[in-house]
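What follows is model.pdb (PDB, C-alpha atoms and all ligand atoms).
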ATOM      1  CA  MET A  11      22.243  43.933  -9.318  1.00  0.00           C
ATOM      2  CA  SER A  12      19.129  42.895 -11.215  1.00  0.00           C
ATOM      3  CA  MET A  13      16.358  45.223 -12.303  1.00  0.00           C
ATOM      4  CA  GLY A  14      14.068  43.334  -9.957  1.00  0.00           C
ATOM      5  CA  SER A  15      15.971  44.166  -6.814  1.00  0.00           C
ATOM      6  CA  ASP A  16      16.283  47.805  -7.925  1.00  0.00           C
ATOM      7  CA  MET A  17      12.529  47.969  -8.046  1.00  0.00           C
ATOM      8  CA  TYR A  18      12.258  46.520  -4.549  1.00  0.00           C
ATOM      9  CA  ARG A  19      14.874  48.906  -3.230  1.00  0.00           C
ATOM     10  CA  GLU A  20      12.872  51.815  -4.589  1.00  0.00           C
ATOM     11  CA  GLN A  21       9.743  50.436  -3.004  1.00  0.00           C
ATOM     12  CA  ILE A  22      11.489  50.152   0.362  1.00  0.00           C
ATOM     13  CA  LEU A  23      12.723  53.744   0.142  1.00  0.00           C
ATOM     14  CA  ASP A  24       9.238  54.876  -0.769  1.00  0.00           C
ATOM     15  CA  HIS A  25       7.719  53.123   2.257  1.00  0.00           C
ATOM     16  CA  TYR A  26      10.484  54.558   4.431  1.00  0.00           C
ATOM     17  CA  LYS A  27       9.912  58.120   3.246  1.00  0.00           C
ATOM     18  CA  ASN A  28       6.118  57.863   3.076  1.00  0.00           C
ATOM     19  CA  PRO A  29       5.172  55.219   5.622  1.00  0.00           C
ATOM     20  CA  ARG A  30       1.631  53.879   5.273  1.00  0.00           C
ATOM     21  CA  ASN A  31      -0.493  53.456   8.387  1.00  0.00           C
ATOM     22  CA  TYR A  32       1.807  55.676  10.426  1.00  0.00           C
ATOM     23  CA  GLY A  33       0.651  57.066  13.747  1.00  0.00           C
ATOM     24  CA  GLU A  34      -1.406  56.077  16.717  1.00  0.00           C
ATOM     25  CA  LEU A  35      -4.712  54.421  15.942  1.00  0.00           C
ATOM     26  CA  GLU A  36      -7.198  56.175  18.193  1.00  0.00           C
ATOM     27  CA  GLU A  37      -9.680  53.346  18.466  1.00  0.00           C
ATOM     28  CA  HIS A  38      -7.460  50.332  18.860  1.00  0.00           C
ATOM     29  CA  THR A  39      -8.172  46.976  20.472  1.00  0.00           C
ATOM     30  CA  PHE A  40      -4.578  46.592  21.598  1.00  0.00           C
ATOM     31  CA  SER A  41      -1.195  48.159  21.128  1.00  0.00           C
ATOM     32  CA  HIS A  42       2.292  47.031  21.921  1.00  0.00           C
ATOM     33  CA  LEU A  43       5.702  48.644  22.097  1.00  0.00           C
ATOM     34  CA  GLY A  44       8.790  46.592  21.402  1.00  0.00           C
ATOM     35  CA  GLU A  45      12.408  47.111  20.509  1.00  0.00           C
ATOM     36  CA  ASN A  46      15.071  45.612  18.365  1.00  0.00           C
ATOM     37  CA  PRO A  47      17.548  44.412  20.990  1.00  0.00           C
ATOM     38  CA  MET A  48      20.422  44.841  18.527  1.00  0.00           C
ATOM     39  CA  CYS A  49      20.046  48.619  18.233  1.00  0.00           C
ATOM     40  CA  GLY A  50      17.393  49.717  20.735  1.00  0.00           C
ATOM     41  CA  ASP A  51      15.086  51.115  18.050  1.00  0.00           C
ATOM     42  CA  GLU A  52      11.455  50.980  19.141  1.00  0.00           C
ATOM     43  CA  ILE A  53       8.240  50.430  17.253  1.00  0.00           C
ATOM     44  CA  GLU A  54       4.726  50.565  18.635  1.00  0.00           C
ATOM     45  CA  VAL A  55       1.998  48.705  16.779  1.00  0.00           C
ATOM     46  CA  PHE A  56      -1.736  49.428  17.085  1.00  0.00           C
ATOM     47  CA  VAL A  57      -4.395  46.929  16.038  1.00  0.00           C
ATOM     48  CA  ARG A  58      -8.139  47.271  15.789  1.00  0.00           C
ATOM     49  CA  LEU A  59     -10.165  44.070  15.586  1.00  0.00           C
ATOM     50  CA  ASP A  60     -13.615  43.815  14.030  1.00  0.00           C
ATOM     51  CA  ASP A  61     -16.602  41.921  15.466  1.00  0.00           C
ATOM     52  CA  GLU A  62     -15.222  38.651  14.155  1.00  0.00           C
ATOM     53  CA  ASP A  63     -11.803  39.226  15.706  1.00  0.00           C
ATOM     54  CA  ARG A  64     -10.199  39.930  12.375  1.00  0.00           C
ATOM     55  CA  ILE A  65      -7.712  42.741  11.985  1.00  0.00           C
ATOM     56  CA  GLU A  66      -9.689  45.673  10.685  1.00  0.00           C
ATOM     57  CA  TYR A  67      -6.835  48.137  10.747  1.00  0.00           C
ATOM     58  CA  ALA A  68      -3.262  48.271  11.965  1.00  0.00           C
ATOM     59  CA  SER A  69      -0.830  51.138  12.341  1.00  0.00           C
ATOM     60  CA  PHE A  70       2.584  51.804  13.809  1.00  0.00           C
ATOM     61  CA  GLN A  71       4.821  54.540  15.075  1.00  0.00           C
ATOM     62  CA  GLY A  72       8.411  54.729  16.147  1.00  0.00           C
ATOM     63  CA  ASP A  73      11.890  55.125  14.817  1.00  0.00           C
ATOM     64  CA  GLY A  74      14.301  52.871  13.100  1.00  0.00           C
ATOM     65  CA  CYS A  75      16.262  52.202   9.977  1.00  0.00           C
ATOM     66  CA  ALA A  76      14.774  52.091   6.470  1.00  0.00           C
ATOM     67  CA  ILE A  77      14.326  48.316   6.579  1.00  0.00           C
ATOM     68  CA  SER A  78      12.418  48.358   9.884  1.00  0.00           C
ATOM     69  CA  GLN A  79      10.220  51.285   8.873  1.00  0.00           C
ATOM     70  CA  ALA A  80       9.468  49.926   5.416  1.00  0.00           C
ATOM     71  CA  SER A  81       8.612  46.491   6.749  1.00  0.00           C
ATOM     72  CA  ALA A  82       6.345  48.033   9.419  1.00  0.00           C
ATOM     73  CA  SER A  83       4.624  50.065   6.718  1.00  0.00           C
ATOM     74  CA  MET A  84       4.156  47.005   4.486  1.00  0.00           C
ATOM     75  CA  LEU A  85       3.192  44.665   7.305  1.00  0.00           C
ATOM     76  CA  THR A  86       0.484  46.889   8.769  1.00  0.00           C
ATOM     77  CA  SER A  87      -1.232  46.858   5.368  1.00  0.00           C
ATOM     78  CA  HIS A  88      -0.564  43.175   4.767  1.00  0.00           C
ATOM     79  CA  ILE A  89      -2.174  41.926   8.003  1.00  0.00           C
ATOM     80  CA  ARG A  90      -5.482  43.687   7.401  1.00  0.00           C
ATOM     81  CA  GLY A  91      -8.253  41.094   7.263  1.00  0.00           C
ATOM     82  CA  MET A  92      -6.202  38.443   9.031  1.00  0.00           C
ATOM     83  CA  SER A  93      -7.353  36.475  12.040  1.00  0.00           C
ATOM     84  CA  MET A  94      -5.181  36.416  15.147  1.00  0.00           C
ATOM     85  CA  GLU A  95      -4.082  32.863  14.247  1.00  0.00           C
ATOM     86  CA  GLU A  96      -3.027  33.986  10.792  1.00  0.00           C
ATOM     87  CA  LEU A  97      -1.039  36.808  12.333  1.00  0.00           C
ATOM     88  CA  GLN A  98       0.762  34.387  14.655  1.00  0.00           C
ATOM     89  CA  GLU A  99       1.540  32.064  11.746  1.00  0.00           C
ATOM     90  CA  LEU A 100       3.517  34.741   9.915  1.00  0.00           C
ATOM     91  CA  GLY A 101       7.209  34.021   9.852  1.00  0.00           C
ATOM     92  CA  THR A 102      10.453  35.665   8.917  1.00  0.00           C
ATOM     93  CA  ASP A 103      10.115  34.480   5.319  1.00  0.00           C
ATOM     94  CA  ASP A 104       6.766  36.225   4.910  1.00  0.00           C
ATOM     95  CA  VAL A 105       8.277  39.539   5.962  1.00  0.00           C
ATOM     96  CA  LEU A 106      11.307  39.046   3.732  1.00  0.00           C
ATOM     97  CA  ASP A 107       8.948  38.253   0.859  1.00  0.00           C
ATOM     98  CA  LEU A 108       7.152  41.548   1.436  1.00  0.00           C
ATOM     99  CA  LEU A 109      10.453  43.421   1.343  1.00  0.00           C
ATOM    100  CA  GLY A 110      11.577  41.460  -1.679  1.00  0.00           C
ATOM    101  CA  ILE A 111      15.315  41.832  -1.117  1.00  0.00           C
ATOM    102  CA  GLU A 112      18.056  39.794   0.462  1.00  0.00           C
ATOM    103  CA  VAL A 113      18.936  41.097   3.904  1.00  0.00           C
ATOM    104  CA  THR A 114      22.000  40.282   5.931  1.00  0.00           C
ATOM    105  CA  PRO A 115      21.504  38.290   9.160  1.00  0.00           C
ATOM    106  CA  MET A 116      22.070  41.508  11.145  1.00  0.00           C
ATOM    107  CA  ARG A 117      19.266  43.198   9.236  1.00  0.00           C
ATOM    108  CA  VAL A 118      16.790  40.362   9.664  1.00  0.00           C
ATOM    109  CA  LYS A 119      16.084  41.675  13.184  1.00  0.00           C
ATOM    110  CA  CYS A 120      15.185  45.029  11.642  1.00  0.00           C
ATOM    111  CA  ALA A 121      12.983  43.372   9.032  1.00  0.00           C
ATOM    112  CA  VAL A 122      10.948  41.336  11.514  1.00  0.00           C
ATOM    113  CA  LEU A 123      10.672  43.997  14.232  1.00  0.00           C
ATOM    114  CA  ALA A 124       7.127  45.125  13.442  1.00  0.00           C
ATOM    115  CA  GLU A 125       5.965  41.547  12.920  1.00  0.00           C
ATOM    116  CA  LYS A 126       7.338  40.463  16.290  1.00  0.00           C
ATOM    117  CA  VAL A 127       5.842  43.489  18.043  1.00  0.00           C
ATOM    118  CA  ALA A 128       2.426  42.812  16.484  1.00  0.00           C
ATOM    119  CA  GLN A 129       2.593  39.126  17.419  1.00  0.00           C
ATOM    120  CA  ASP A 130       3.728  39.839  20.990  1.00  0.00           C
ATOM    121  CA  GLY A 131       0.951  42.400  21.367  1.00  0.00           C
ATOM    122  CA  ALA A 132      -1.616  39.917  20.065  1.00  0.00           C
ATOM    123  CA  GLU A 133      -0.370  37.232  22.422  1.00  0.00           C
ATOM    124  CA  ILE A 134      -0.557  39.524  25.452  1.00  0.00           C
ATOM    125  CA  TYR A 135      -4.019  40.700  24.446  1.00  0.00           C
ATOM    126  CA  GLU A 136      -5.291  37.133  23.987  1.00  0.00           C
ATOM    127  CA  GLY A 137      -3.778  36.165  27.318  1.00  0.00           C
ATOM    128  CA  GLU A 138      -5.520  39.021  29.085  1.00  0.00           C
ATOM    129  CA  ARG A 139      -8.772  38.106  27.413  1.00  0.00           C
ATOM    130  CA  GLU A 140      -8.444  34.530  28.664  1.00  0.00           C
ATOM    131  CA  VAL A 141      -7.922  35.769  32.210  1.00  0.00           C
ATOM    132  CA  GLU A 142     -10.943  38.033  31.890  1.00  0.00           C
ATOM    133  CA  LYS A 143     -13.069  35.150  30.666  1.00  0.00           C
ATOM    134  CA  THR A 144     -12.069  32.788  33.458  1.00  0.00           C
ATOM    135  CA  THR A 145     -12.555  35.411  36.146  1.00  0.00           C
ATOM    136  CA  THR A 146     -15.978  36.591  34.960  1.00  0.00           C
ATOM    137  CA  GLU A 147     -17.481  33.204  34.122  1.00  0.00           C
TER     138      GLU A 147
HETATM  139 FE1  LIG B 201      17.484  49.631  14.429  1.00  0.00          FE
HETATM  140 FE2  LIG B 201      17.230  48.539  12.047  1.00  0.00          FE
HETATM  141  S1  LIG B 201      18.984  49.481  12.884  1.00  0.00           S
HETATM  142  S2  LIG B 201      15.747  48.689  13.579  1.00  0.00           S
END

Would you kindly transcribe this structure into structure tokens?
Ligand code: FES
Amino acid sequence: MSMGSDMYREQILDHYKNPRNYGELEEHTFSHLGENPMCGDEIEVFVRLDDEDRIEYASFQGDGCAISQASASMLTSHIRGMSMEELQELGTDDVLDLLGIEVTPMRVKCAVLAEKVAQDGAEIYEGEREVEKTTTE
């Protein structure tokens, strides 16, 4: 094992033990709860948008393995300042880059859990907003 991956492993453990942005965001624009179908672990993501529809703050809560918790912790910081389009453009590779380690195919579902939950939540929110617009115009 290289020194580099040791450093990443330590970082993952640190995020797991001291998750950043953990807990319900009181003033959120939308939230979404989703699960990893492989294990049933659930994560809820909260997002607050600013006046320009950029992500001002994001948080999460829920339970899961170290990989899922660390990636949720890293992702909720990483997406700050992003537009909704930028959030939707994130892919598996972006999350794996944040984690910085190789994960087995089984663990990829853990790694992308928070990302998927955030993206699903954003999609539902945008959909509801569309409906609101067309029914009030
Ligand atoms: Fe459940 Fe990783 S084992 S999220």

Might you pull out every residue within 8 Å of Phe40 (chain A), with all atoms listed in the file counted and same-chain residues fewer than 2 positions away left off, and present them as an mmCIF file with C-alpha atoms, in the coordinates of the input?
data_model
loop_
_atom_site.group_PDB
_atom_site.id
_atom_site.type_symbol
_atom_site.label_atom_id
_atom_site.label_comp_id
_atom_site.auth_asym_id
_atom_site.auth_seq_id
_atom_site.Cartn_x
_atom_site.Cartn_y
_atom_site.Cartn_z
ATOM 1 C CA HIS A 38 -7.460 50.332 18.860
ATOM 2 C CA HIS A 42 2.292 47.031 21.921
ATOM 3 C CA PHE A 56 -1.736 49.428 17.085
ATOM 4 C CA VAL A 57 -4.395 46.929 16.038
ATOM 5 C CA ARG A 58 -8.139 47.271 15.789
ATOM 6 C CA GLY A 131 0.951 42.400 21.367
ATOM 7 C CA ALA A 132 -1.616 39.917 20.065
ATOM 8 C CA TYR A 135 -4.019 40.700 24.446
#

For this session: Measuring atom to atom with only C-alpha atoms and all ligand atoms, identify which of A:Pro47, A:Gly101, A:Pro29, A:Gly74 is nearest to ligand LIG 201 (chain B).
Result: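 Selected residue with least distance to ligand LIG 201 (chain B): A:Gly74.
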
So which residues get picked by the PyMOL selection byres (((not hetatm)) within 6 of (chain B and resi 201)) here, written as a PDB file with C-alpha atoms, in the coordinates of the input?
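Dumped everything to selection-v2.pdb:
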ATOM      1  CA  ASN A  46      15.071  45.612  18.365  1.00  0.00           C
ATOM      2  CA  CYS A  49      20.046  48.619  18.233  1.00  0.00           C
ATOM      3  CA  ASP A  51      15.086  51.115  18.050  1.00  0.00           C
ATOM      4  CA  GLY A  74      14.301  52.871  13.100  1.00  0.00           C
ATOM      5  CA  CYS A  75      16.262  52.202   9.977  1.00  0.00           C
ATOM      6  CA  SER A  78      12.418  48.358   9.884  1.00  0.00           C
ATOM      7  CA  CYS A 120      15.185  45.029  11.642  1.00  0.00           C
TER       8      CYS A 120
END

Exercise. What's the 9 Å shell around Gln71 (chain A), counting only C-alpha atoms, without same-chain residues fewer than 4 positions away, as a ChimeraX atom specification?
Worked result: /A:31-34,52-56,79,82

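CA of Ser93 (chain A) sits 6.4 Å away from CA of Asp63 (chain A).
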
Problem set entry | Point-to-point distance from CA of Leu108 (chain A) to CA of Met84 (chain A), Å rounded to tenths | 6.9 Å

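Distance annotation: of A:Ile77, A:His88, A:Glu133, A:Met94, the residue with the minimal separation from Thr114 (chain A) is A:Ile77; atom set is all atoms listed in the file.
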
For this session: Find the residue from A:Val122, A:Met17, A:Leu43, A:Leu109 that sits nearest to Ile134 (chain A); use only C-alpha atoms when measuring.
Result: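 Closest residue, counting only C-alpha atoms: A:Leu43.
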
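As for CA of Val127 (chain A) and CA of Gly14 (chain A), they are spaced 29.2 Å apart.
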
For this session: Could you tell me which residues the PyMOL selection byres (((chain A and resi 22) around 8) and not hetatm) returns for this structure, as a PyMOL selection string?
Result: chain A and resi 18-21+23-26+76-77+80-81+109

Work out where the centre of an axis-aligned box around every listed atom of region 78-86 of chain A lies and how long its edges are once 8 Å is added on each side; give both in Å to one decimal as AutoDock Vina command-line options.
--center_x 6.5 --center_y 48.0 --center_z 7.2 --size_x 27.9 --size_y 22.6 --size_z 21.4

For this session: Using the chain letters and numbers from the file, give me the residues hit by the PyMOL selection byres (((chain A and resi 87) around 8) and not hetatm), as number ranges by chain.
Result: A: 30-31, 67-68, 83-86, 88-90

For this session: Kindly indicate which residue among A:Glu112, A:Asp73, A:Glu96, A:Glu136 lies nearest to Ala124 (chain A), using all atoms listed in the file for the distances.
Result: A:Asp73

Seminar exercise, completed: Val118 (chain A) proximity check over A:Asp103, A:Glu45, A:Glu95, A:Glu66, using only C-alpha atoms: winner is A:Asp103

Problem set entry | Nearest to Gln129 (chain A), chosen from A:Glu142, A:Glu99, A:Glu36, A:Asp107, with only C-alpha atoms counted in the distances |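 Of all the options, A:Glu99 lies closest to Gln129 (chain A).
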
Completed region 44-55 of chain A (all heavy atoms) as an mmCIF file, in the frame of the given file:
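Contents of the output file rebuild-v5.cif:
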data_model
loop_
_atom_site.group_PDB
_atom_site.id
_atom_site.type_symbol
_atom_site.label_atom_id
_atom_site.label_comp_id
_atom_site.auth_asym_id
_atom_site.auth_seq_id
_atom_site.Cartn_x
_atom_site.Cartn_y
_atom_site.Cartn_z
ATOM 1 N N GLY A 44 7.674 47.527 21.288
ATOM 2 C CA GLY A 44 8.790 46.592 21.402
ATOM 3 C C GLY A 44 10.029 47.164 20.754
ATOM 4 O O GLY A 44 9.954 48.135 19.992
ATOM 5 N N GLU A 45 11.167 46.572 21.066
ATOM 6 C CA GLU A 45 12.408 47.111 20.509
ATOM 7 C C GLU A 45 13.239 46.022 19.843
ATOM 8 O O GLU A 45 13.100 44.834 20.135
ATOM 9 C CB GLU A 45 13.232 47.806 21.592
ATOM 10 C CG GLU A 45 13.781 46.868 22.633
ATOM 11 C CD GLU A 45 14.938 47.459 23.437
ATOM 12 O OE1 GLU A 45 15.150 48.674 23.407
ATOM 13 O OE2 GLU A 45 15.634 46.661 24.091
ATOM 14 N N ASN A 46 14.063 46.482 18.951
ATOM 15 C CA ASN A 46 15.071 45.612 18.365
ATOM 16 C C ASN A 46 16.243 45.599 19.341
ATOM 17 O O ASN A 46 16.893 46.624 19.535
ATOM 18 C CB ASN A 46 15.500 46.188 17.012
ATOM 19 C CG ASN A 46 16.588 45.362 16.362
ATOM 20 O OD1 ASN A 46 17.189 44.488 16.978
ATOM 21 N ND2 ASN A 46 16.828 45.647 15.084
ATOM 22 N N PRO A 47 16.496 44.443 19.972
ATOM 23 C CA PRO A 47 17.548 44.412 20.990
ATOM 24 C C PRO A 47 18.938 44.726 20.443
ATOM 25 O O PRO A 47 19.826 45.122 21.196
ATOM 26 C CB PRO A 47 17.487 42.982 21.534
ATOM 27 C CG PRO A 47 16.771 42.186 20.504
ATOM 28 C CD PRO A 47 15.866 43.137 19.766
ATOM 29 N N MET A 48 19.105 44.590 19.123
ATOM 30 C CA MET A 48 20.422 44.841 18.527
ATOM 31 C C MET A 48 20.772 46.329 18.513
ATOM 32 O O MET A 48 21.939 46.686 18.575
ATOM 33 C CB MET A 48 20.465 44.328 17.084
ATOM 34 C CG MET A 48 20.082 42.888 16.905
ATOM 35 S SD MET A 48 21.350 41.751 17.490
ATOM 36 C CE MET A 48 22.503 41.860 16.130
ATOM 37 N N CYS A 49 19.760 47.194 18.401
ATOM 38 C CA CYS A 49 20.046 48.619 18.233
ATOM 39 C C CYS A 49 19.252 49.500 19.192
ATOM 40 O O CYS A 49 19.538 50.678 19.330
ATOM 41 C CB CYS A 49 19.726 49.049 16.796
ATOM 42 S SG CYS A 49 17.982 48.821 16.416
ATOM 43 N N GLY A 50 18.210 48.927 19.813
ATOM 44 C CA GLY A 50 17.393 49.717 20.735
ATOM 45 C C GLY A 50 16.289 50.508 20.061
ATOM 46 O O GLY A 50 15.544 51.222 20.734
ATOM 47 N N ASP A 51 16.171 50.402 18.742
ATOM 48 C CA ASP A 51 15.086 51.115 18.050
ATOM 49 C C ASP A 51 13.740 50.527 18.464
ATOM 50 O O ASP A 51 13.601 49.313 18.595
ATOM 51 C CB ASP A 51 15.241 51.002 16.528
ATOM 52 C CG ASP A 51 16.401 51.834 16.007
ATOM 53 O OD1 ASP A 51 16.766 52.809 16.687
ATOM 54 O OD2 ASP A 51 16.927 51.513 14.935
ATOM 55 N N GLU A 52 12.765 51.417 18.658
ATOM 56 C CA GLU A 52 11.455 50.980 19.141
ATOM 57 C C GLU A 52 10.346 51.225 18.125
ATOM 58 O O GLU A 52 10.324 52.261 17.464
ATOM 59 C CB GLU A 52 11.094 51.750 20.416
ATOM 60 C CG GLU A 52 11.892 51.320 21.610
ATOM 61 C CD GLU A 52 11.450 52.025 22.871
ATOM 62 O OE1 GLU A 52 11.000 53.203 22.794
ATOM 63 O OE2 GLU A 52 11.547 51.421 23.947
ATOM 64 N N ILE A 53 9.427 50.279 18.086
ATOM 65 C CA ILE A 53 8.240 50.430 17.253
ATOM 66 C C ILE A 53 7.024 50.079 18.105
ATOM 67 O O ILE A 53 7.057 49.133 18.898
ATOM 68 C CB ILE A 53 8.314 49.525 15.999
ATOM 69 C CG1 ILE A 53 9.187 50.181 14.924
ATOM 70 C CG2 ILE A 53 6.927 49.239 15.446
ATOM 71 C CD1 ILE A 53 9.200 49.444 13.602
ATOM 72 N N GLU A 54 5.981 50.874 17.966
ATOM 73 C CA GLU A 54 4.726 50.565 18.635
ATOM 74 C C GLU A 54 3.696 50.237 17.559
ATOM 75 O O GLU A 54 3.591 50.957 16.567
ATOM 76 C CB GLU A 54 4.256 51.769 19.471
ATOM 77 C CG GLU A 54 3.040 51.456 20.313
ATOM 78 C CD GLU A 54 2.761 52.549 21.354
ATOM 79 O OE1 GLU A 54 3.283 53.677 21.203
ATOM 80 O OE2 GLU A 54 2.024 52.254 22.303
ATOM 81 N N VAL A 55 3.002 49.135 17.757
ATOM 82 C CA VAL A 55 1.998 48.705 16.779
ATOM 83 C C VAL A 55 0.610 48.812 17.404
ATOM 84 O O VAL A 55 0.427 48.469 18.580
ATOM 85 C CB VAL A 55 2.277 47.257 16.300
ATOM 86 C CG1 VAL A 55 1.140 46.731 15.441
ATOM 87 C CG2 VAL A 55 3.588 47.190 15.509
#
